[in-house]
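I have placed the structure first, in the form of structure tokens, so that the comments after it can refer back to it.
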Amino acid sequence: MQLYPVNQLQQRQDAPAATVRAIPIENIAPSPYQPRRTFRSESLDELAASLDQVGLLQPITVRCSAPRRFELIAGERRLRAAQRLGWTHIDALVLDVSDQDAALLTVIENLQRENLHFFEEAEGYLCLIRDHGLTQEQVARRVGKRQSTIANKLRLLRLPPALRAMVVASQLTERHARAVLRLGDEESQTLLLRRASEQGWTVRRLEQEVERQLENRLPSRTSPMQKVVRLMRDSRIFVNAVKRTVDEIQSVGIDARMTRREEGADIVLEIRIPRLG
């Protein structure tokens, strides 16, 4: 099936069969694939007031899941606002689509909303990849974004759920969340996110503190393997460590050279030293 925003369905000749009719609100179930987790009460009140004044300008979108039963695809805010007004029926565009296509339409439609939180956006991408077998590149094409954007959003989900909740509650930015990912352990991440929230740290200030902690994680009394594992947690530290080693070799008169290049997602380091003896 070709997927596109549901608000454009009536404008396309290749759209799935659809009809608009008034259906009982009590017969509509929410979509299990809705990426949005929070609905601000004040925003719903404002939307309800608008519906009360001018009516429903755009029907919600549903699919028939059983006789006289429907599953929501798009328009949950409109549906919730209508419920607040005590409406018993609501105009809905009823699509004839499969379970998988309904899920894809729900996720993609919500991902195209500008006010979706970045964690909710990341969870939506994960749903498309994990539950529907799409690749990052396919997701990127479906939602009109770069593949690197999808990858960066997905990395945010490496933060434990409790820390994601802290970021949301503290109204920290996506860049704040991404900065602490480099630390790797929840205790350090929690401490820095709390300090960033309480002290109003900029992203740059948080990144500097993360850098300082990473540098301090390289004590002299560690085995070579432990040091390599810690270095590899951040590619820049690892590259700098290798460069310092090459500089030390050069300092004793050995013609050592290091070249660096990037190949896709990899950084390739090439070290050349003369054969001795």
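Ordering of the structure tokens sets the chain letters (A, B, ...), residue numbers begin anew at 1 in every chain, and ligands are numbered from 1 in the order given.
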
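Near stretch 47-49 of chain A, within 8 Å and counting only C-alpha atoms, sit Ser43, Leu44, Asp52, Gln53, Arg77, Arg78, Ala81, Ala82, Arg84 and Leu85 of chain A; same-chain residues fewer than 3 positions away were not included.
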
Residues near stretch 102-109 of chain A, cut-off 10 Å, only C-alpha atoms, skip fewer than 5 positions along chain, as a PyMOL selection string: chain A and resi 3-7+31-36+61-63+71-75+95-97+121+123-125+127-128+131-132+139+142-143

For the residues in that selection, give me C-alpha atoms as a compact mmCIF listing (two decimals), in the first residue's frame.
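Heads up, here's the output in part.txt:
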```txt
# COMPACT_ATOMS: atom_id res chain seq x y z
CA LEU A 3 1.12 5.58 2.42
CA TYR A 4 0.44 9.31 2.64
CA PRO A 5 -0.97 11.78 5.19
CA VAL A 6 -4.58 10.89 5.95
CA ASN A 7 -5.66 14.50 5.49
CA SER A 31 -5.16 3.17 18.26
CA PRO A 32 -2.68 0.87 20.02
CA TYR A 33 0.06 2.45 17.88
CA GLN A 34 -0.48 6.05 18.97
CA PRO A 35 3.03 7.48 19.62
CA ARG A 36 1.73 10.50 21.54
CA THR A 61 -9.99 9.00 10.52
CA VAL A 62 -10.89 5.47 11.57
CA ARG A 63 -11.05 1.94 10.25
CA GLU A 71 -10.32 1.85 15.57
CA LEU A 72 -8.92 5.38 15.50
CA ILE A 73 -6.22 6.19 12.96
CA ALA A 74 -5.90 9.98 13.23
CA GLY A 75 -7.59 12.70 15.24
CA LEU A 95 -10.89 3.67 5.61
CA ASP A 96 -10.80 0.11 4.36
CA VAL A 97 -7.24 -0.82 5.32
CA GLU A 121 8.88 10.82 17.90
CA GLU A 123 9.25 5.78 19.94
CA GLY A 124 7.18 6.18 16.80
CA TYR A 125 10.19 5.45 14.60
CA CYS A 127 7.50 1.14 16.34
CA LEU A 128 7.79 1.27 12.56
CA ASP A 131 6.80 -3.91 14.80
CA HIS A 132 6.51 -3.43 11.03
CA VAL A 139 11.18 5.18 7.67
CA ARG A 142 7.96 7.66 4.61
CA VAL A 143 8.22 10.68 6.92
```

Sel. of alpha helix (DSSP H) residues, stretch 10-70 of chain A, as a PyMOL selection string: chain A and resi 41-54

Can you pull out every residue within 12 Å of A:Arg275, counting only C-alpha atoms, but drop anything in the same chain fewer than 6 positions away, and send it as a compact mmCIF listing (two decimals) with N, CA and C atoms, in the first residue's frame?
```txt
# COMPACT_ATOMS: atom_id res chain seq x y z
N ILE A 254 61.31 8.74 16.14
CA ILE A 254 60.80 7.73 15.21
C ILE A 254 59.78 8.38 14.28
N ASP A 255 59.92 8.12 13.00
CA ASP A 255 59.04 8.75 12.00
C ASP A 255 57.69 8.03 11.95
N ALA A 256 56.84 8.31 12.94
CA ALA A 256 55.50 7.71 12.99
C ALA A 256 54.50 8.68 12.37
```
